[in-house]
Each structure stands twice: as structure tokens, then as C-alpha cells.
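So this block is final32.pdb, PDB, C-alpha atoms, pLDDT in the B column:
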ATOM      1  CA  MET T   1      13.667-135.393 104.643  1.00 73.00           C
ATOM      2  CA  GLY T   2      11.699-132.951 106.771  1.00 78.00           C
ATOM      3  CA  ALA T   3      10.685-135.697 109.189  1.00 83.00           C
ATOM      4  CA  VAL T   4      14.302-136.785 109.601  1.00 88.00           C
ATOM      5  CA  ILE T   5      15.450-133.223 110.327  1.00 88.00           C
ATOM      6  CA  GLY T   6      12.682-132.951 112.891  1.00 87.00           C
ATOM      7  CA  ASP T   7      13.890-136.170 114.540  1.00 87.00           C
ATOM      8  CA  ILE T   8      17.556-135.205 114.738  1.00 90.00           C
ATOM      9  CA  LEU T   9      17.199-131.556 115.817  1.00 89.00           C
ATOM     10  CA  PRO T  10      16.444-132.274 119.504  1.00 88.00           C
ATOM     11  CA  LEU T  11      19.220-134.870 119.553  1.00 90.00           C
ATOM     12  CA  ALA T  12      21.688-132.308 118.205  1.00 92.00           C
ATOM     13  CA  VAL T  13      20.547-129.806 120.834  1.00 89.00           C
ATOM     14  CA  GLY T  14      21.079-132.513 123.461  1.00 87.00           C
ATOM     15  CA  ILE T  15      24.746-132.732 122.464  1.00 90.00           C
ATOM     16  CA  ALA T  16      25.079-128.955 122.155  1.00 89.00           C
ATOM     17  CA  ILE T  17      23.850-128.410 125.706  1.00 84.00           C
ATOM     18  CA  SER T  18      26.810-130.246 127.227  1.00 80.00           C
ATOM     19  CA  PRO T  19      28.139-128.067 130.059  1.00 80.00           C
ATOM     20  CA  ILE T  20      31.495-129.827 130.565  1.00 83.00           C
ATOM     21  CA  PRO T  21      32.805-129.240 126.993  1.00 87.00           C
ATOM     22  CA  ILE T  22      31.513-125.663 127.092  1.00 86.00           C
ATOM     23  CA  ILE T  23      33.281-125.071 130.417  1.00 86.00           C
ATOM     24  CA  ALA T  24      36.466-126.610 128.994  1.00 87.00           C
ATOM     25  CA  ALA T  25      36.280-124.329 125.950  1.00 88.00           C
ATOM     26  CA  ILE T  26      35.752-121.280 128.163  1.00 86.00           C
ATOM     27  CA  LEU T  27      38.722-122.202 130.378  1.00 86.00           C
ATOM     28  CA  MET T  28      40.856-122.494 127.249  1.00 88.00           C
ATOM     29  CA  LEU T  29      39.662-119.095 126.082  1.00 86.00           C
ATOM     30  CA  LEU T  30      40.729-117.647 129.441  1.00 82.00           C
ATOM     31  CA  SER T  31      44.124-119.401 129.361  1.00 81.00           C
ATOM     32  CA  PRO T  32      47.494-118.007 128.135  1.00 79.00           C
ATOM     33  CA  ARG T  33      47.283-120.088 124.923  1.00 81.00           C
ATOM     34  CA  ALA T  34      43.671-119.196 124.234  1.00 80.00           C
ATOM     35  CA  ARG T  35      43.720-119.019 120.451  1.00 83.00           C
ATOM     36  CA  HIS T  36      45.662-122.209 119.770  1.00 87.00           C
ATOM     37  CA  THR T  37      44.027-124.486 122.325  1.00 91.00           C
ATOM     38  CA  SER T  38      40.469-123.266 121.764  1.00 90.00           C
ATOM     39  CA  VAL T  39      40.687-123.718 117.992  1.00 92.00           C
ATOM     40  CA  GLY T  40      42.171-127.186 118.457  1.00 93.00           C
ATOM     41  CA  PHE T  41      39.450-128.110 120.939  1.00 94.00           C
ATOM     42  CA  MET T  42      36.725-126.829 118.627  1.00 94.00           C
ATOM     43  CA  GLY T  43      38.165-128.838 115.737  1.00 95.00           C
ATOM     44  CA  GLY T  44      38.246-132.023 117.802  1.00 94.00           C
ATOM     45  CA  TRP T  45      34.708-131.429 119.056  1.00 94.00           C
ATOM     46  CA  VAL T  46      33.325-130.977 115.529  1.00 95.00           C
ATOM     47  CA  LEU T  47      35.280-133.978 114.209  1.00 95.00           C
ATOM     48  CA  GLY T  48      34.167-136.229 117.065  1.00 94.00           C
ATOM     49  CA  ILE T  49      30.488-135.407 116.550  1.00 94.00           C
ATOM     50  CA  ALA T  50      30.741-135.907 112.788  1.00 94.00           C
ATOM     51  CA  VAL T  51      32.553-139.239 113.101  1.00 94.00           C
ATOM     52  CA  ALA T  52      30.160-140.632 115.727  1.00 92.00           C
ATOM     53  CA  VAL T  53      26.928-139.768 113.897  1.00 93.00           C
ATOM     54  CA  THR T  54      28.369-140.942 110.555  1.00 94.00           C
ATOM     55  CA  VAL T  55      29.405-144.318 111.990  1.00 92.00           C
ATOM     56  CA  PHE T  56      25.979-144.883 113.511  1.00 91.00           C
ATOM     57  CA  THR T  57      24.292-143.806 110.281  1.00 91.00           C
ATOM     58  CA  LEU T  58      26.311-146.368 108.334  1.00 89.00           C
ATOM     59  CA  LEU T  59      25.553-149.071 110.890  1.00 87.00           C
ATOM     60  CA  SER T  60      21.825-148.340 110.758  1.00 82.00           C
ATOM     61  CA  THR T  61      21.727-148.876 106.989  1.00 76.00           C
ATOM     62  CA  VAL T  62      22.154-152.625 107.550  1.00 72.00           C
ATOM     63  CA  LEU T  63      18.667-152.797 109.045  1.00 65.00           C
ATOM     64  CA  PRO T  64      16.310-154.629 106.664  1.00 59.00           C
ATOM     65  CA  ASP T  65      14.173-152.571 104.274  1.00 53.00           C
ATOM     66  CA  ARG T  66      10.493-152.700 105.118  1.00 51.00           C
ATOM     67  CA  ASP T  67       7.230-151.167 104.001  1.00 49.00           C
ATOM     68  CA  PRO T  68       7.199-147.620 105.457  1.00 51.00           C
ATOM     69  CA  ASP T  69       3.729-148.293 106.883  1.00 50.00           C
ATOM     70  CA  ALA T  70       4.702-151.633 108.445  1.00 51.00           C
ATOM     71  CA  ALA T  71       5.901-152.167 112.000  1.00 54.00           C
ATOM     72  CA  LYS T  72       9.634-151.779 112.595  1.00 67.00           C
ATOM     73  CA  PRO T  73      10.356-153.870 115.689  1.00 74.00           C
ATOM     74  CA  VAL T  74      14.163-153.787 115.343  1.00 73.00           C
ATOM     75  CA  THR T  75      14.221-149.996 115.092  1.00 73.00           C
ATOM     76  CA  GLY T  76      11.687-149.811 117.926  1.00 77.00           C
ATOM     77  CA  VAL T  77      13.791-151.981 120.242  1.00 83.00           C
ATOM     78  CA  ILE T  78      16.914-149.901 119.525  1.00 82.00           C
ATOM     79  CA  GLN T  79      15.032-146.680 120.248  1.00 81.00           C
ATOM     80  CA  LEU T  80      13.640-148.106 123.486  1.00 88.00           C
ATOM     81  CA  LEU T  81      17.132-149.113 124.600  1.00 89.00           C
ATOM     82  CA  LEU T  82      18.577-145.712 123.693  1.00 87.00           C
ATOM     83  CA  GLY T  83      15.740-143.950 125.518  1.00 84.00           C
ATOM     84  CA  ALA T  84      16.227-146.117 128.600  1.00 90.00           C
ATOM     85  CA  GLY T  85      19.964-145.379 128.523  1.00 88.00           C
ATOM     86  CA  LEU T  86      19.295-141.647 128.446  1.00 85.00           C
ATOM     87  CA  LEU T  87      16.890-141.919 131.383  1.00 89.00           C
ATOM     88  CA  PHE T  88      19.554-143.804 133.336  1.00 90.00           C
ATOM     89  CA  LEU T  89      22.091-141.072 132.611  1.00 86.00           C
ATOM     90  CA  ALA T  90      19.498-138.455 133.607  1.00 86.00           C
ATOM     91  CA  LEU T  91      19.075-140.172 136.984  1.00 89.00           C
ATOM     92  CA  ARG T  92      22.836-140.188 137.520  1.00 85.00           C
ATOM     93  CA  GLN T  93      23.045-136.502 136.654  1.00 79.00           C
ATOM     94  CA  TRP T  94      20.183-135.627 138.992  1.00 83.00           C
ATOM     95  CA  ARG T  95      21.727-137.532 141.894  1.00 81.00           C
ATOM     96  CA  SER T  96      25.074-135.795 141.325  1.00 76.00           C
ATOM     97  CA  ARG T  97      23.637-132.312 141.874  1.00 75.00           C
ATOM     98  CA  PRO T  98      25.612-130.346 144.490  1.00 71.00           C
ATOM     99  CA  ALA T  99      23.940-129.369 147.739  1.00 69.00           C
ATOM    100  CA  PRO T 100      22.903-125.708 148.007  1.00 69.00           C
ATOM    101  CA  GLY T 101      25.952-123.586 148.757  1.00 66.00           C
ATOM    102  CA  ASP T 102      28.465-126.279 147.783  1.00 69.00           C
ATOM    103  CA  GLU T 103      31.035-125.687 145.049  1.00 65.00           C
ATOM    104  CA  PRO T 104      30.601-128.441 142.448  1.00 67.00           C
ATOM    105  CA  PRO T 105      33.814-130.356 141.689  1.00 66.00           C
ATOM    106  CA  LEU T 106      35.204-130.173 138.173  1.00 67.00           C
ATOM    107  CA  PRO T 107      37.113-132.947 136.380  1.00 69.00           C
ATOM    108  CA  LYS T 108      40.774-133.062 137.439  1.00 73.00           C
ATOM    109  CA  TRP T 109      41.985-132.773 133.838  1.00 72.00           C
ATOM    110  CA  MET T 110      40.660-129.216 133.715  1.00 76.00           C
ATOM    111  CA  SER T 111      43.455-128.097 136.039  1.00 72.00           C
ATOM    112  CA  GLY T 112      45.962-128.738 133.247  1.00 79.00           C
ATOM    113  CA  ILE T 113      44.236-126.667 130.585  1.00 82.00           C
ATOM    114  CA  ASP T 114      46.645-123.715 130.951  1.00 78.00           C
ATOM    115  CA  ALA T 115      49.561-125.917 129.854  1.00 80.00           C
ATOM    116  CA  MET T 116      47.648-127.788 127.125  1.00 85.00           C
ATOM    117  CA  THR T 117      48.874-127.746 123.523  1.00 88.00           C
ATOM    118  CA  ALA T 118      46.639-127.347 120.483  1.00 88.00           C
ATOM    119  CA  TRP T 119      47.023-131.032 119.552  1.00 91.00           C
ATOM    120  CA  ARG T 120      46.138-132.227 123.039  1.00 92.00           C
ATOM    121  CA  ALA T 121      43.134-129.898 122.990  1.00 91.00           C
ATOM    122  CA  LEU T 122      42.072-131.403 119.655  1.00 94.00           C
ATOM    123  CA  GLY T 123      42.298-134.908 121.094  1.00 93.00           C
ATOM    124  CA  LEU T 124      40.371-133.866 124.196  1.00 92.00           C
ATOM    125  CA  GLY T 125      37.622-132.319 122.086  1.00 92.00           C
ATOM    126  CA  PHE T 126      37.352-135.477 120.005  1.00 94.00           C
ATOM    127  CA  LEU T 127      37.127-137.718 123.072  1.00 91.00           C
ATOM    128  CA  LEU T 128      34.504-135.562 124.782  1.00 89.00           C
ATOM    129  CA  ALA T 129      32.416-135.572 121.596  1.00 90.00           C
ATOM    130  CA  ALA T 130      32.779-139.142 120.376  1.00 86.00           C
ATOM    131  CA  VAL T 131      33.372-141.230 123.513  1.00 84.00           C
ATOM    132  CA  ASN T 132      31.097-139.546 126.062  1.00 83.00           C
ATOM    133  CA  PRO T 133      28.242-142.003 126.846  1.00 85.00           C
ATOM    134  CA  LYS T 134      25.543-139.353 126.553  1.00 85.00           C
ATOM    135  CA  ASN T 135      26.821-138.166 123.191  1.00 86.00           C
ATOM    136  CA  LEU T 136      27.151-141.745 121.966  1.00 87.00           C
ATOM    137  CA  LEU T 137      23.510-142.458 122.786  1.00 88.00           C
ATOM    138  CA  LEU T 138      22.334-139.254 121.133  1.00 90.00           C
ATOM    139  CA  GLY T 139      24.594-139.828 118.117  1.00 90.00           C
ATOM    140  CA  ALA T 140      23.305-143.379 117.830  1.00 89.00           C
ATOM    141  CA  ALA T 141      19.699-142.157 117.906  1.00 89.00           C
ATOM    142  CA  ALA T 142      20.465-139.547 115.232  1.00 91.00           C
ATOM    143  CA  GLY T 143      22.297-142.069 113.074  1.00 89.00           C
ATOM    144  CA  LEU T 144      19.378-144.471 113.401  1.00 87.00           C
ATOM    145  CA  ALA T 145      16.932-141.753 112.345  1.00 88.00           C
ATOM    146  CA  VAL T 146      18.999-140.814 109.294  1.00 90.00           C
ATOM    147  CA  GLY T 147      20.101-144.275 108.224  1.00 84.00           C
ATOM    148  CA  SER T 148      16.713-145.971 108.608  1.00 81.00           C
ATOM    149  CA  ALA T 149      14.966-143.277 106.531  1.00 80.00           C
ATOM    150  CA  ARG T 150      16.569-144.615 103.318  1.00 80.00           C
ATOM    151  CA  LEU T 151      17.373-141.150 101.964  1.00 83.00           C
ATOM    152  CA  ASP T 152      19.542-140.536  98.920  1.00 87.00           C
ATOM    153  CA  ILE T 153      23.213-139.782  99.564  1.00 90.00           C
ATOM    154  CA  GLY T 154      22.812-136.014  99.143  1.00 90.00           C
ATOM    155  CA  ALA T 155      20.015-135.859 101.712  1.00 90.00           C
ATOM    156  CA  VAL T 156      22.003-138.027 104.131  1.00 91.00           C
ATOM    157  CA  VAL T 157      25.035-135.730 103.877  1.00 93.00           C
ATOM    158  CA  LEU T 158      22.855-132.656 104.364  1.00 94.00           C
ATOM    159  CA  ALA T 159      21.195-134.172 107.433  1.00 93.00           C
ATOM    160  CA  LEU T 160      24.555-135.100 108.955  1.00 94.00           C
ATOM    161  CA  VAL T 161      25.974-131.630 108.279  1.00 95.00           C
ATOM    162  CA  ILE T 162      22.945-129.961 109.901  1.00 95.00           C
ATOM    163  CA  PHE T 163      23.202-132.268 112.903  1.00 95.00           C
ATOM    164  CA  THR T 164      26.929-131.648 113.322  1.00 95.00           C
ATOM    165  CA  LEU T 165      26.642-127.861 113.002  1.00 95.00           C
ATOM    166  CA  ILE T 166      23.884-127.617 115.598  1.00 94.00           C
ATOM    167  CA  ALA T 167      25.521-130.078 117.989  1.00 93.00           C
ATOM    168  CA  ALA T 168      28.878-128.273 117.760  1.00 94.00           C
ATOM    169  CA  ALA T 169      27.470-124.740 117.992  1.00 93.00           C
ATOM    170  CA  SER T 170      27.695-124.394 121.778  1.00 89.00           C
ATOM    171  CA  VAL T 171      31.486-124.816 121.638  1.00 92.00           C
ATOM    172  CA  ALA T 172      32.070-123.198 118.250  1.00 92.00           C
ATOM    173  CA  VAL T 173      30.137-119.973 118.919  1.00 90.00           C
ATOM    174  CA  PRO T 174      32.100-118.889 122.037  1.00 88.00           C
ATOM    175  CA  VAL T 175      35.406-119.739 120.355  1.00 90.00           C
ATOM    176  CA  ILE T 176      34.580-117.806 117.183  1.00 90.00           C
ATOM    177  CA  ALA T 177      33.170-114.886 119.192  1.00 87.00           C
ATOM    178  CA  TYR T 178      36.381-114.746 121.244  1.00 85.00           C
ATOM    179  CA  LEU T 179      38.561-114.808 118.138  1.00 83.00           C
ATOM    180  CA  VAL T 180      36.574-111.896 116.715  1.00 83.00           C
ATOM    181  CA  ALA T 181      36.318-109.787 119.886  1.00 78.00           C
ATOM    182  CA  SER T 182      38.546-111.201 122.614  1.00 70.00           C
ATOM    183  CA  ASP T 183      38.644-108.041 124.750  1.00 72.00           C
ATOM    184  CA  ARG T 184      34.878-107.908 125.176  1.00 77.00           C
ATOM    185  CA  MET T 185      34.285-111.645 125.686  1.00 73.00           C
ATOM    186  CA  ALA T 186      36.329-112.363 128.831  1.00 71.00           C
ATOM    187  CA  ALA T 187      33.768-111.163 131.397  1.00 76.00           C
ATOM    188  CA  PRO T 188      30.679-112.742 129.747  1.00 80.00           C
ATOM    189  CA  LEU T 189      32.539-116.041 129.341  1.00 76.00           C
ATOM    190  CA  GLU T 190      33.528-116.075 133.004  1.00 77.00           C
ATOM    191  CA  ARG T 191      29.916-115.457 134.057  1.00 79.00           C
ATOM    192  CA  LEU T 192      28.712-118.235 131.741  1.00 76.00           C
ATOM    193  CA  ARG T 193      31.335-120.602 133.126  1.00 75.00           C
ATOM    194  CA  GLY T 194      30.205-119.950 136.700  1.00 74.00           C
ATOM    195  CA  TRP T 195      26.552-120.539 135.826  1.00 75.00           C
ATOM    196  CA  LEU T 196      27.308-123.790 133.991  1.00 74.00           C
ATOM    197  CA  VAL T 197      29.458-125.116 136.830  1.00 71.00           C
ATOM    198  CA  HIS T 198      26.603-124.719 139.314  1.00 70.00           C
ATOM    199  CA  ASN T 199      23.786-125.871 137.034  1.00 72.00           C
ATOM    200  CA  ASN T 200      25.505-128.583 134.984  1.00 69.00           C
ATOM    201  CA  ALA T 201      23.774-131.608 136.550  1.00 74.00           C
ATOM    202  CA  THR T 202      20.287-130.078 136.646  1.00 78.00           C
ATOM    203  CA  VAL T 203      20.383-128.889 133.040  1.00 75.00           C
ATOM    204  CA  MET T 204      21.572-132.230 131.707  1.00 76.00           C
ATOM    205  CA  ALA T 205      19.172-134.282 133.826  1.00 82.00           C
ATOM    206  CA  VAL T 206      16.106-132.396 132.586  1.00 82.00           C
ATOM    207  CA  LEU T 207      17.297-132.471 128.975  1.00 78.00           C
ATOM    208  CA  LEU T 208      18.066-136.195 129.028  1.00 82.00           C
ATOM    209  CA  VAL T 209      14.682-137.007 130.549  1.00 88.00           C
ATOM    210  CA  VAL T 210      12.871-135.127 127.781  1.00 84.00           C
ATOM    211  CA  ILE T 211      14.872-136.712 124.954  1.00 82.00           C
ATOM    212  CA  GLY T 212      14.758-140.162 126.558  1.00 83.00           C
ATOM    213  CA  VAL T 213      10.973-140.046 126.854  1.00 87.00           C
ATOM    214  CA  VAL T 214      10.664-138.912 123.225  1.00 80.00           C
ATOM    215  CA  LEU T 215      12.828-141.800 122.043  1.00 81.00           C
ATOM    216  CA  ILE T 216      10.843-144.305 124.071  1.00 85.00           C
ATOM    217  CA  GLY T 217       7.642-142.914 122.573  1.00 82.00           C
ATOM    218  CA  LYS T 218       9.060-143.283 119.069  1.00 77.00           C
ATOM    219  CA  GLY T 219      10.206-146.798 119.877  1.00 77.00           C
ATOM    220  CA  ILE T 220       6.734-147.820 121.046  1.00 84.00           C
ATOM    221  CA  GLY T 221       5.279-146.277 117.900  1.00 74.00           C
ATOM    222  CA  ASN T 222       7.427-148.549 115.715  1.00 71.00           C
ATOM    223  CA  PHE T 223       5.745-151.733 116.962  1.00 73.00           C
TER
END
This structure in C-alpha cells:
Amino acid sequence: MGAVIGDILPLAVGIAISPIPIIAAILMLLSPRARHTSVGFMGGWVLGIAVAVTVFTLLSTVLPDRDPDAAKPVTGVIQLLLGAGLLFLALRQWRSRPAPGDEPPLPKWMSGIDAMTAWRALGLGFLLAAVNPKNLLLGAAAGLAVGSARLDIGAVVLALVIFTLIAAASVAVPVIAYLVASDRMAAPLERLRGWLVHNNATVMAVLLVVIGVVLIGKGIGNF
């Protein structure tokens, strides 16, 4: 169990450090419908992460049982492919960095956040969590780590809950903090939004390189 938690923690952090969803949550918190849209978005974000990692965990259980000390070529190949996918995404992020002094463009859908309903925010949060290619790769790697460990059902549920809580924390914490102390959170949230907008690509590129290399190393170790 401890080894599985150690494997999924960096993957959960990889999802948590996702600047675009954090920026979207902050914009909702600064919008006229802050409480309704931000709570909906947070709910969709948590649900999307939980669904994705659970699906991949279930899929990974179909891998054949083997001696724990034996080679695991199927698992190794999957980890190599996931690691390579993360390195590819890291390259794309790095190449998309804005030039010094330029204002990085944000997704066009962010311009409609002020008019967004709670249900649309929930759907947006779910899509950003469960359909985003980076999150899918990280969720797949986490599901593979949990499902291939052959844990009992209680340990599997605990691992998935820990993964989901950590992965969702970067969106959940600002929303909860705003709900508790909205008057004091506006200025810090705006500063955080500005920093994330300008450093989005660099942060994600470095993070994806680190996690991708780790997955490739684990994949090689399974041969």
C-alpha cells in the first residue's frame, strides 16, 4: 500500500498543478456569480478526476497476475508509452511559452465565465479534469499503479480517495477559502491569477518532464 501511495502522489500533484483550471476557478471567484459557479466548477473538477482514475484502475485490473518479482512487460510498455506522451506534452508546453513582455492568450471560453451558470461550470470542470490529455495520461498512470498492485478493495478505495483529494486541492482550496473569507481573498486571488497566466507553460513543461522521466524509468524497471 505504501509503495502505491508513493507512486500516485507525484501523479496527483501533476494534475493539481494545472494552471488553466486554477485560473478558471479564480475568474469564477471574481465574477458576479462567484459562489454558484465556483462550487459547481469545483464539483465537476473533483468528479472528473475521480471518474478518470477509477476507470483506468478498473481497466488495469484485467492485466494478467504475475509473480511480484517477475518481469512485467505489459505494464512496462504502458508506462513507457505514458511517459513518452507526457514528454511530448511537455515539449508542446515549452514551445508555447510567450515571449518576454508578451501577454499570454487565454482560452476564448474564459471570456464567458461571468455569464456561466452553476451547471455549465460543473460540466466545464468535469471536462477539464477528465478529458484533458495531460490529466488522462496522469490518471491512466495512477490507475495502472493502483490496479496492477492487486490491493484489496478497501485499500484501492483509500488510494483513489487520496489521489482525488490531492489532485483536486489546487481548485478546491481557493474556492473553499473564498467561501469562508471572500472579502480578504480577492486581491491574493488576482495576484495568483496573473502569475499563473504568465508562467503556465513553463510550470507545466518542467512538471511533465519530471513525471514523464519517472514513468519511463519505472517502465524500464518492469522488464
_Picked residues, the PyMOL selection byres ((chain T and resi 60) around 12), expected as a ChimeraX atom specification_ = /T:53-59,61-65,74-75,78-79,139-150
*Could you check which of T:Gly48, T:Gly112, T:Gly6, T:Gly219 is closest to Pro73 in chain T, using all atoms listed in the file?*
T:Gly219
*Sel. within 6 Å of pt (14.8, -138.2, 130.3), counting all atoms listed in the file, output as a PyMOL selection string*: chain T and resi 86-87+90+208-213
Name every residue that the PyMOL selection byres ((chain T and resi 30-44) around 7) selects in this structure, writing the answer as a tab-separated table (two decimals) with C-alpha atoms, in the coordinates of the input with chains first and numbers rising.
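Written output follows (selection_22.tsv):
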chain	number	residue	atom	x	y	z
T	25	ALA	CA	36.28	-124.33	125.95
T	26	ILE	CA	35.75	-121.28	128.16
T	27	LEU	CA	38.72	-122.20	130.38
T	28	MET	CA	40.86	-122.49	127.25
T	29	LEU	CA	39.66	-119.10	126.08
T	45	TRP	CA	34.71	-131.43	119.06
T	46	VAL	CA	33.33	-130.98	115.53
T	47	LEU	CA	35.28	-133.98	114.21
T	48	GLY	CA	34.17	-136.23	117.06
T	114	ASP	CA	46.64	-123.72	130.95
T	116	MET	CA	47.65	-127.79	127.12
T	117	THR	CA	48.87	-127.75	123.52
T	118	ALA	CA	46.64	-127.35	120.48
T	119	TRP	CA	47.02	-131.03	119.55
T	121	ALA	CA	43.13	-129.90	122.99
T	122	LEU	CA	42.07	-131.40	119.66
T	123	GLY	CA	42.30	-134.91	121.09
T	124	LEU	CA	40.37	-133.87	124.20
T	125	GLY	CA	37.62	-132.32	122.09
T	126	PHE	CA	37.35	-135.48	120.00
T	171	VAL	CA	31.49	-124.82	121.64
T	172	ALA	CA	32.07	-123.20	118.25
T	175	VAL	CA	35.41	-119.74	120.36
T	186	ALA	CA	36.33	-112.36	128.83
*Please indicate the distance in Å from CA of Ser170 in chain T to CA of Pro19 in chain T, rounded to one decimal place.*
9.1 Å
Within 10 Å of range 199-203 of chain T: each range 60-168 of chain T residue with its shortest pair, only C-alpha atoms, as a Markdown table:
| residue | atom | partner | partner_atom | distance |
| --- | --- | --- | --- | --- |
| T:Ala90 | CA | T:Ala201 | CA | 8.6 |
| T:Leu91 | CA | T:Ala201 | CA | 9.8 |
| T:Arg92 | CA | T:Ala201 | CA | 8.7 |
| T:Gln93 | CA | T:Ala201 | CA | 4.9 |
| T:Trp94 | CA | T:Ala201 | CA | 5.9 |
| T:Arg95 | CA | T:Ala201 | CA | 8.2 |
| T:Ser96 | CA | T:Ala201 | CA | 6.5 |
| T:Arg97 | CA | T:Ala201 | CA | 5.4 |
| T:Pro98 | CA | T:Ala201 | CA | 8.2 |
| T:Pro104 | CA | T:Asn200 | CA | 9.0 |
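Closest approach to Val173 in chain T among T:Leu128, T:Leu189, T:Ile5, T:Leu215: T:Leu189, based on all atoms listed in the file.
You will find CA of Ala159 in chain T at 12.3 Å from CA of Leu11 in chain T.
Counting from CA of Val157 in chain T, the distance to CA of Gly76 in chain T is 24.0 Å.
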*For Pro10 in chain T, work out the shell of residues within 10 Å, counting all atoms listed in the file and skipping chain neighbours fewer than 2 positions away, then give it as a VMD selection string.*
chain T and resid 5 to 8 12 to 16 138 142 163 166 to 167 207 210 to 211 214
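Closest approach to Val161 in chain T from the set T:Ala181, T:Val51, T:Ile22, T:Ile17 is made by T:Val51, with distances taken over all atoms listed in the file.
If all atoms listed in the file are the atoms counted, then among T:Ile176, T:Val4, T:Ile23, T:Leu160 the closest residue to Glu190 in chain T is T:Ile23.
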